[in-house]
Amino acid sequence: MPDITKHDPVVGSEPKINGKLISQRTLQQTPPAVKRLREIKGKALAGGPPEKIAAQREKGKLTARERITYLTDDNSFREIGLLRETRCTDFGIKDMHIKGDGVITGFATIDGRRVAIFSEDFTQLGGSLGRTHAQKIACLMRLARKARTPIIGILDSGGARIQEGVDSLDGYGEIFSENVKCSGIIPQISIVLGPCAGGAVYSPALTDFIFMVKGISRMFVTGPGVLKTATGQNIDFETLGGTAAHSSVSGVCHFEANSEQDCFRQVRELLNYLPSSRWENPSKVSTNDPENRPVQMMERICNVDSRKPYRMHHVIWWLADDNKFLEVHHSFAKNCVIGFIRLGGSSIGVVANNPAEKSGALDINSSDKIARFIRFCNNFNIPLLTLVDVPGFLPGMEQEHGGIIRHGAKILYAYCEATVPKVTLILRKAYGGAYIAMNSKMMNSDLNFALPSAEIAVMGPSGAINTLYSKQIREAKPEERDALCAKLTKEYSDKFASPYQTASTGSIDSIIEPSQSRQFLIEAFKMLEGKRVPGEHPVSGNIPL
Ligand code: HXC
């Protein structure tokens with residue numbers, strides 16, 4: 001258990017000045033004003049009543065203050081607003097004198113980098129959000145924006161404080177407004193470590209990344225009770241809004257963790273890839289992984305029948321420095337893969353199709369997943385690598401009526417808008433609209449490569465010959481039909497199911513030796529390090545898609 005007093009040098013620790021213990025006599029001479037400060041702060045730092053803290057632990061949860069301690073560097077947290085209290089006089093809550101009003105706010109460092117951080121305290125009025133609680137969070141967000149530091153919110157709250165009526169709803173309005181002002185300016189990270197209910201879910205939803213922990217995190221607009229009354233449906237909290245539901249079904253959650261500690265480790269890892277604001281570049285990290293390390297895996301891809309599935313994760317691991325890949329949205333829209341790697345020490349955002357799921361076809365959810373990630377990377381100067389193995393957009397009425405046209409267009413918009421360095425590598429299939437969508441040359445891509453196994457065409461061979469030669473195939477004698485189809489397919493494949501035609505038109509810059517992929521990509525991004533496209537697009541936020 002951490003020492004909760006270590007954040008505040010005036011409480012709990014052995015009193016020292018310049019490293020020397022202060023004598024009892026000197027202590028007795030402590031000015032009354034300082035004594036009073038220590039007394040008041042000591043009480044405030046204790047958090048909610050002991051029975052509420054015990055209840056928090058029984059649920060397997062850390063306290064709000066412990067969470068900050070675990071997430072941040074030792075003794076780096078500096079609290080602001082500890083003594084603020086609610087101004088609401090209804091229901092006797094003013095008389096409770098809840099210092100801090102159920103939320104801890106301040107700044108700290110994580111791996112040496114300055115961050116702003118708030119943590120809601122469920123042991124005080126269920127972490128519910130009143131006007132003061134909201135003002136503290138909004139004030140911290142303004143500070144983070146001015147200081148150009150990432151902001152991290154730890155949420156554990158019963159939502160709008162019922163006793164404060166519309167004041168608490170307005171509090172959320174203020175927070176949402178600040179979320180949007182910070183969007184695309186500083187990274188915003190939400191860690192949901194308890195309930196997050198009602199309209200309260202929309203603040204995390206406006207941030208860039210949401211973390212949840214199995215068994216303790218819950219997000220829902222309408223809880224099981226209201227659902228039962230309104231629809232008669234009987235559903236528990238976990239099934240409705242638990243970590244599994246939001247990681248794999250709704251896509252609300254970007255990172256799922258097994259425990260709070262595991263979650264904080266992942267947050268630190270994520271921060272490592274990000275700059276502190278849009279005015280900075282992500283820091284470089286030195287590596288002993290040779291830039292010219294051969295990637296034998298790529299030769300294997302060239303050998304595999306183009307209809308055979310494989311997990312794109314393997315390709316990404318092999319390409320990345322030290323085989324490290326931080327995947328975002330691991331369990332959602334698994335037909336595409338997004339996340340962060342380093343190449344030659346530089347932070348890179350990866351967007352890839354995943355032939356192991358739905359053959360890697362693009363659909364509604366993968367379009368949203370990819371598009372928002374591209375826009376995040378573009379806002380924060382993170383170059384983009386696109387790895388292509390895509391048979392097309394997923395066909396079907398469900399997709400058409402679900403709005404694949406509207407959703408798929410988000411990928412096109414995001415890539416065309418992005419001005420960070422953009423490099424594409426086509427591994428196998430790149431057909432039709434999906435070829436264009438996956439950062440093709442004419443969508444403002446910078447450098448486009450292909451492996452010799454790439455197949456770039458308007459559509460796959462069987463679809464193409466059935467369209468082009470439907471009359472001949474229909475009129476052929478039944479016993480000759482198979483041979484005719486095989487001949488036509490071969491002719492088509494020889495012409496289009498290779499990258500050479502595309503390379504001859506300039507839509508591919510190079511067909512590369514598969515094992516040299518890593519070196520090629522690193523050098524391409526180095527070449528683009530100085531890329532500047534002044535004034536091409538106005539600054540944009542990271543709107544939820
Ligand atoms: C005031 C609240 C509260 C709230 C919880 N508490 N939610 N106080 N306002 N919104 C208090 C409880 O009264 C209790 O106080 C203490 O917090 C702990 O709550 P418990 O219910 O004992 O805890 P638990 O069993 O763990 O259940 C947690 C919970 C449940 C699932 C969050 O409290 C709950 O369903 N609360 C309401 C959630 C909700 O519907 N929120 C939406 C509000 S509307 P005591 O004194 O007994 O310790 C909203 C709209 C926002 O948020 C719109 C923004 C635009």
# chains A, B, ... in the order shown; residues from 1 in each chain; ligands from 1
$ residues_around --residues "stretch 276-288 of chain A" --least-positions-apart "3" --cutoff "8 Å" --atoms "only C-alpha atoms" --output "VMD selection string"
chain A and resid 148 to 150 184 to 187 272 to 273 321 to 322 344 to 347 379 to 382
$ closest_atom_pairs --of "chain A" --to "ligand 1" --cutoff "6 Å" --atoms "only C-alpha atoms and all ligand atoms" --output "JSON lines"
{"residue": "A:Leu125", "atom": "CA", "partner": "ligand 1", "partner_atom_place_in_ligand_line": "17 (O)", "distance": 4.5}
{"residue": "A:Gly126", "atom": "CA", "partner": "ligand 1", "partner_atom_place_in_ligand_line": "17 (O)", "distance": 3.1}
{"residue": "A:Ser128", "atom": "CA", "partner": "ligand 1", "partner_atom_place_in_ligand_line": "4 (C)", "distance": 5.0}
{"residue": "A:Gly158", "atom": "CA", "partner": "ligand 1", "partner_atom_place_in_ligand_line": "7 (N)", "distance": 3.5}
{"residue": "A:Gly159", "atom": "CA", "partner": "ligand 1", "partner_atom_place_in_ligand_line": "52 (O)", "distance": 3.7}
{"residue": "A:Ala160", "atom": "CA", "partner": "ligand 1", "partner_atom_place_in_ligand_line": "52 (O)", "distance": 3.8}
{"residue": "A:Arg161", "atom": "CA", "partner": "ligand 1", "partner_atom_place_in_ligand_line": "9 (N)", "distance": 3.5}
{"residue": "A:Ile162", "atom": "CA", "partner": "ligand 1", "partner_atom_place_in_ligand_line": "9 (N)", "distance": 4.2}
{"residue": "A:Leu169", "atom": "CA", "partner": "ligand 1", "partner_atom_place_in_ligand_line": "54 (C)", "distance": 5.1}
{"residue": "A:Tyr172", "atom": "CA", "partner": "ligand 1", "partner_atom_place_in_ligand_line": "54 (C)", "distance": 5.1}
{"residue": "A:Pro195", "atom": "CA", "partner": "ligand 1", "partner_atom_place_in_ligand_line": "32 (C)", "distance": 5.4}
{"residue": "A:Ala197", "atom": "CA", "partner": "ligand 1", "partner_atom_place_in_ligand_line": "41 (N)", "distance": 4.9}
{"residue": "A:Gly198", "atom": "CA", "partner": "ligand 1", "partner_atom_place_in_ligand_line": "52 (O)", "distance": 4.2}
{"residue": "A:Gly199", "atom": "CA", "partner": "ligand 1", "partner_atom_place_in_ligand_line": "53 (C)", "distance": 3.5}
{"residue": "A:Ala200", "atom": "CA", "partner": "ligand 1", "partner_atom_place_in_ligand_line": "51 (C)", "distance": 5.0}
$ select_by_dssp --residues "stretch 392-452 of chain A" --states "alpha helix (DSSP H)" --output "PyMOL selection string"
chain A and resi 397-402+404-417+432-437
$ residues_around --residues "A:Met312" --least-positions-apart "3" --cutoff "8 Å" --atoms "only C-alpha atoms" --output "list in words"
Val315, Ile316, Val337, Ala352, Asn353, Asn354, Pro355 and Ala356 of chain A
$ residues_around --residues "A:Arg265" --least-positions-apart "5" --cutoff "10 Å" --atoms "only C-alpha atoms" --output "PyMOL selection string"
chain A and resi 70-71+257+259-260+270
$ residues_around --residues "stretch 521-531 of chain A" --least-positions-apart "2" --cutoff "6 Å" --atoms "only C-alpha atoms" --output "list in words"
Leu343, Gly344, Pro421, Arg518 and Gln519 of chain A
$ atom_distance --atom1 "atom CA of A:Ser76" --atom2 "atom CA of A:Ile152"
14.9 Å
$ residues_around --residues "A:Leu425" --least-positions-apart "5" --cutoff "10 Å" --atoms "only C-alpha atoms" --output "list of chain:residue names"
A:Ala352, A:Leu385, A:Thr386, A:Leu387, A:Val388, A:Asp389, A:Met438, A:Asn439, A:Ser440, A:Leu447, A:Asn448, A:Phe449, A:Ala450, A:Leu451, A:Ala454, A:Ile508, A:Ser510, A:Ile511, A:Ile512, A:Ser517, A:Leu521
$ write_last_selection --atoms "all heavy atoms" --output "compact mmCIF listing (two decimals), in the first residue's frame"
# COMPACT_ATOMS: atom_id res chain seq x y z
N ALA A 352 -3.34 -0.77 -40.41
CA ALA A 352 -3.15 -1.96 -41.25
C ALA A 352 -4.44 -2.75 -41.38
O ALA A 352 -5.28 -2.73 -40.48
CB ALA A 352 -2.06 -2.84 -40.64
N LEU A 385 2.25 5.02 -40.93
CA LEU A 385 2.62 3.90 -41.80
C LEU A 385 1.35 3.10 -42.08
O LEU A 385 0.65 2.70 -41.15
CB LEU A 385 3.66 3.01 -41.09
CG LEU A 385 3.93 1.66 -41.77
CD1 LEU A 385 4.56 1.86 -43.15
CD2 LEU A 385 4.84 0.79 -40.90
N THR A 386 1.06 2.86 -43.36
CA THR A 386 -0.13 2.08 -43.72
C THR A 386 0.31 0.76 -44.36
O THR A 386 1.09 0.76 -45.32
CB THR A 386 -1.00 2.87 -44.72
OG1 THR A 386 -1.29 4.16 -44.14
CG2 THR A 386 -2.31 2.15 -45.00
N LEU A 387 -0.14 -0.35 -43.79
CA LEU A 387 0.20 -1.68 -44.31
C LEU A 387 -1.07 -2.26 -44.94
O LEU A 387 -2.08 -2.41 -44.26
CB LEU A 387 0.70 -2.58 -43.19
CG LEU A 387 1.96 -2.09 -42.46
CD1 LEU A 387 2.25 -2.93 -41.22
CD2 LEU A 387 3.17 -2.10 -43.40
N VAL A 388 -0.99 -2.57 -46.23
CA VAL A 388 -2.21 -2.90 -46.98
C VAL A 388 -2.28 -4.37 -47.36
O VAL A 388 -1.33 -4.91 -47.95
CB VAL A 388 -2.30 -2.04 -48.26
CG1 VAL A 388 -3.62 -2.27 -48.97
CG2 VAL A 388 -2.12 -0.56 -47.93
N ASP A 389 -3.37 -5.01 -47.02
CA ASP A 389 -3.73 -6.34 -47.55
C ASP A 389 -5.25 -6.41 -47.47
O ASP A 389 -5.80 -6.94 -46.51
CB ASP A 389 -3.06 -7.44 -46.74
CG ASP A 389 -3.15 -8.78 -47.47
OD1 ASP A 389 -3.98 -8.90 -48.38
OD2 ASP A 389 -2.37 -9.70 -47.12
N MET A 438 -6.77 3.10 -48.57
CA MET A 438 -5.64 2.81 -47.68
C MET A 438 -4.40 3.61 -48.10
O MET A 438 -3.35 3.08 -48.43
CB MET A 438 -5.34 1.30 -47.68
CG MET A 438 -6.43 0.46 -47.05
SD MET A 438 -6.75 0.84 -45.31
CE MET A 438 -5.32 0.16 -44.50
N ASN A 439 -4.54 4.91 -48.07
CA ASN A 439 -3.45 5.85 -48.32
C ASN A 439 -2.75 5.60 -49.64
O ASN A 439 -1.52 5.43 -49.70
CB ASN A 439 -2.43 5.81 -47.17
CG ASN A 439 -1.51 7.01 -47.21
OD1 ASN A 439 -1.93 8.12 -47.54
ND2 ASN A 439 -0.23 6.81 -46.93
N SER A 440 -3.55 5.58 -50.71
CA SER A 440 -2.94 5.40 -52.04
C SER A 440 -2.24 6.69 -52.45
O SER A 440 -2.45 7.75 -51.86
CB SER A 440 -4.03 5.02 -53.05
OG SER A 440 -5.00 6.03 -53.08
N LEU A 447 5.14 8.42 -49.86
CA LEU A 447 5.92 7.36 -50.50
C LEU A 447 5.13 6.06 -50.43
O LEU A 447 4.63 5.69 -49.35
CB LEU A 447 7.27 7.19 -49.80
CG LEU A 447 8.31 8.28 -50.12
CD1 LEU A 447 9.47 8.24 -49.14
CD2 LEU A 447 8.82 8.17 -51.56
N ASN A 448 4.99 5.39 -51.57
CA ASN A 448 4.19 4.15 -51.62
C ASN A 448 5.03 3.01 -52.18
O ASN A 448 5.59 3.12 -53.26
CB ASN A 448 2.94 4.37 -52.49
CG ASN A 448 1.95 5.27 -51.80
OD1 ASN A 448 2.32 6.35 -51.33
ND2 ASN A 448 0.72 4.86 -51.70
N PHE A 449 5.12 1.96 -51.37
CA PHE A 449 5.92 0.80 -51.77
C PHE A 449 5.02 -0.42 -51.88
O PHE A 449 3.91 -0.45 -51.33
CB PHE A 449 7.00 0.52 -50.73
CG PHE A 449 7.88 1.70 -50.45
CD1 PHE A 449 8.05 2.18 -49.14
CD2 PHE A 449 8.55 2.35 -51.49
CE1 PHE A 449 8.85 3.28 -48.89
CE2 PHE A 449 9.36 3.45 -51.24
CZ PHE A 449 9.51 3.92 -49.94
N ALA A 450 5.55 -1.45 -52.58
CA ALA A 450 4.82 -2.73 -52.64
C ALA A 450 5.82 -3.87 -52.55
O ALA A 450 6.99 -3.72 -52.97
CB ALA A 450 4.04 -2.81 -53.95
N LEU A 451 5.37 -4.99 -52.02
CA LEU A 451 6.16 -6.21 -52.10
C LEU A 451 5.89 -6.82 -53.47
O LEU A 451 4.85 -6.54 -54.09
CB LEU A 451 5.74 -7.19 -51.01
CG LEU A 451 5.91 -6.77 -49.55
CD1 LEU A 451 5.61 -7.94 -48.62
CD2 LEU A 451 7.32 -6.25 -49.28
N ALA A 454 2.38 -8.15 -54.20
CA ALA A 454 1.20 -7.27 -54.20
C ALA A 454 0.32 -7.51 -55.42
O ALA A 454 0.81 -7.77 -56.52
CB ALA A 454 1.65 -5.81 -54.17
N ILE A 508 2.99 3.40 -57.58
CA ILE A 508 3.87 2.77 -56.59
C ILE A 508 5.27 3.33 -56.87
O ILE A 508 5.71 3.37 -58.01
CB ILE A 508 3.88 1.23 -56.79
CG1 ILE A 508 2.55 0.62 -56.37
CG2 ILE A 508 5.03 0.58 -56.02
CD1 ILE A 508 2.25 0.73 -54.90
N SER A 510 8.20 2.19 -55.44
CA SER A 510 9.20 1.12 -55.53
C SER A 510 8.59 -0.22 -55.18
O SER A 510 7.72 -0.28 -54.29
CB SER A 510 10.32 1.37 -54.51
OG SER A 510 11.35 2.09 -55.07
N ILE A 511 9.05 -1.25 -55.87
CA ILE A 511 8.73 -2.61 -55.42
C ILE A 511 9.97 -3.07 -54.67
O ILE A 511 11.08 -3.04 -55.23
CB ILE A 511 8.42 -3.53 -56.62
CG1 ILE A 511 7.24 -2.95 -57.41
CG2 ILE A 511 8.10 -4.94 -56.13
CD1 ILE A 511 6.97 -3.66 -58.72
N ILE A 512 9.79 -3.44 -53.42
CA ILE A 512 10.98 -3.63 -52.59
C ILE A 512 11.22 -5.10 -52.26
O ILE A 512 10.30 -5.90 -52.26
CB ILE A 512 10.92 -2.78 -51.29
CG1 ILE A 512 9.75 -3.21 -50.40
CG2 ILE A 512 10.81 -1.31 -51.62
CD1 ILE A 512 9.70 -2.46 -49.07
N SER A 517 12.30 -4.63 -45.92
CA SER A 517 11.19 -3.70 -45.66
C SER A 517 11.49 -2.73 -44.52
O SER A 517 11.21 -1.54 -44.61
CB SER A 517 9.91 -4.46 -45.29
OG SER A 517 9.64 -5.44 -46.22
N LEU A 521 11.53 1.32 -44.90
CA LEU A 521 10.55 2.18 -44.22
C LEU A 521 11.24 3.19 -43.32
O LEU A 521 10.86 4.37 -43.28
CB LEU A 521 9.56 1.32 -43.41
CG LEU A 521 8.66 0.41 -44.25
CD1 LEU A 521 7.81 -0.50 -43.37
CD2 LEU A 521 7.75 1.24 -45.17
$ decode --residues "stretch 183-298 of chain A" --atoms "C-alpha atoms" --output "CSV table (one decimal), in the first residue's frame"
chain,number,residue,atom,x,y,z
A,183,SER,CA,-9.1,18.4,-28.4
A,184,GLY,CA,-6.2,18.1,-30.9
A,185,ILE,CA,-4.2,20.6,-28.8
A,186,ILE,CA,-3.1,18.4,-25.9
A,187,PRO,CA,-3.5,14.6,-25.5
A,188,GLN,CA,-6.5,13.8,-23.4
A,189,ILE,CA,-6.6,10.4,-21.6
A,190,SER,CA,-9.5,9.0,-19.6
A,191,ILE,CA,-9.1,6.2,-17.1
A,192,VAL,CA,-12.5,4.8,-16.0
A,193,LEU,CA,-12.0,3.0,-12.7
A,194,GLY,CA,-15.6,2.6,-11.4
A,195,PRO,CA,-19.0,3.7,-12.5
A,196,CYS,CA,-19.3,6.4,-15.1
A,197,ALA,CA,-23.0,6.9,-15.7
A,198,GLY,CA,-25.5,9.1,-17.5
A,199,GLY,CA,-24.2,12.1,-19.5
A,200,ALA,CA,-21.0,11.8,-17.5
A,201,VAL,CA,-19.8,9.2,-20.1
A,202,TYR,CA,-19.5,12.0,-22.7
A,203,SER,CA,-16.5,13.7,-21.2
A,204,PRO,CA,-14.3,10.5,-21.6
A,205,ALA,CA,-15.9,10.0,-25.0
A,206,LEU,CA,-14.7,13.5,-26.1
A,207,THR,CA,-11.1,12.6,-25.1
A,208,ASP,CA,-8.6,10.8,-27.2
A,209,PHE,CA,-8.2,7.5,-25.4
A,210,ILE,CA,-10.3,5.6,-22.8
A,211,PHE,CA,-8.8,2.9,-20.5
A,212,MET,CA,-11.0,0.5,-18.6
A,213,VAL,CA,-10.2,-2.3,-16.1
A,214,LYS,CA,-11.9,-5.7,-16.1
A,215,GLY,CA,-14.4,-6.1,-13.3
A,216,ILE,CA,-14.4,-2.5,-12.0
A,217,SER,CA,-15.1,-0.1,-14.9
A,218,ARG,CA,-18.6,0.6,-16.1
A,219,MET,CA,-19.9,3.0,-18.6
A,220,PHE,CA,-23.5,3.5,-19.5
A,221,VAL,CA,-25.9,6.3,-20.4
A,222,THR,CA,-28.9,4.5,-18.9
A,223,GLY,CA,-28.4,2.1,-16.1
A,224,PRO,CA,-30.0,-1.4,-15.6
A,225,GLY,CA,-32.7,0.0,-13.3
A,226,VAL,CA,-34.0,2.6,-15.8
A,227,LEU,CA,-33.6,0.1,-18.6
A,228,LYS,CA,-35.8,-2.4,-16.7
A,229,THR,CA,-38.5,0.2,-16.1
A,230,ALA,CA,-38.4,1.5,-19.7
A,231,THR,CA,-38.0,-1.6,-21.7
A,232,GLY,CA,-38.6,-4.6,-19.3
A,233,GLN,CA,-35.1,-5.8,-20.2
A,234,ASN,CA,-33.2,-7.5,-17.3
A,235,ILE,CA,-29.5,-6.9,-17.7
A,236,ASP,CA,-26.6,-6.5,-15.2
A,237,PHE,CA,-24.1,-3.7,-15.0
A,238,GLU,CA,-21.2,-5.8,-16.4
A,239,THR,CA,-23.0,-7.1,-19.4
A,240,LEU,CA,-24.5,-3.6,-20.2
A,241,GLY,CA,-21.4,-1.4,-19.7
A,242,GLY,CA,-18.5,-3.4,-18.5
A,243,THR,CA,-15.0,-3.5,-20.0
A,244,ALA,CA,-15.6,-6.4,-22.3
A,245,ALA,CA,-18.7,-4.8,-23.8
A,246,HIS,CA,-17.0,-1.5,-24.5
A,247,SER,CA,-13.7,-3.0,-25.7
A,248,SER,CA,-15.1,-5.5,-28.2
A,249,VAL,CA,-18.7,-4.5,-29.0
A,250,SER,CA,-19.2,-0.7,-28.7
A,251,GLY,CA,-15.6,0.4,-29.4
A,252,VAL,CA,-15.9,3.0,-26.6
A,253,CYS,CA,-12.8,1.7,-24.8
A,254,HIS,CA,-9.4,1.8,-26.4
A,255,PHE,CA,-7.3,-0.1,-23.9
A,256,GLU,CA,-8.5,-2.8,-21.5
A,257,ALA,CA,-6.5,-3.8,-18.5
A,258,ASN,CA,-6.6,-6.7,-16.0
A,259,SER,CA,-5.9,-4.6,-12.9
A,260,GLU,CA,-5.4,-0.9,-12.0
A,261,GLN,CA,-1.7,-1.4,-11.9
A,262,ASP,CA,-1.7,-3.0,-15.4
A,263,CYS,CA,-3.8,0.0,-16.5
A,264,PHE,CA,-1.3,2.5,-15.2
A,265,ARG,CA,1.5,0.7,-16.9
A,266,GLN,CA,-0.3,0.9,-20.2
A,267,VAL,CA,-1.0,4.6,-19.7
A,268,ARG,CA,2.7,5.2,-19.1
A,269,GLU,CA,3.5,3.2,-22.3
A,270,LEU,CA,1.0,5.2,-24.4
A,271,LEU,CA,2.4,8.6,-23.1
A,272,ASN,CA,5.8,7.5,-24.2
A,273,TYR,CA,4.7,7.6,-27.9
A,274,LEU,CA,3.0,11.0,-27.6
A,275,PRO,CA,4.2,14.6,-27.6
A,276,SER,CA,2.9,16.8,-24.8
A,277,SER,CA,1.0,19.0,-27.3
A,278,ARG,CA,0.5,19.6,-30.9
A,279,TRP,CA,3.4,22.1,-30.9
A,280,GLU,CA,5.9,19.3,-30.1
A,281,ASN,CA,7.1,16.2,-31.8
A,282,PRO,CA,7.1,12.9,-30.0
A,283,SER,CA,10.5,12.2,-28.4
A,284,LYS,CA,12.9,9.8,-30.0
A,285,VAL,CA,14.1,6.7,-28.1
A,286,SER,CA,17.4,5.2,-28.9
A,287,THR,CA,17.5,1.5,-29.8
A,288,ASN,CA,20.1,-1.2,-30.4
A,289,ASP,CA,17.8,-2.8,-33.0
A,290,PRO,CA,19.7,-2.4,-36.3
A,291,GLU,CA,17.9,-0.4,-38.9
A,292,ASN,CA,18.9,-2.9,-41.6
A,293,ARG,CA,17.7,-5.9,-39.7
A,294,PRO,CA,16.3,-8.3,-42.3
A,295,VAL,CA,12.6,-9.1,-42.0
A,296,GLN,CA,12.4,-12.7,-43.1
A,297,MET,CA,8.7,-12.8,-42.2
A,298,MET,CA,8.0,-10.6,-45.2
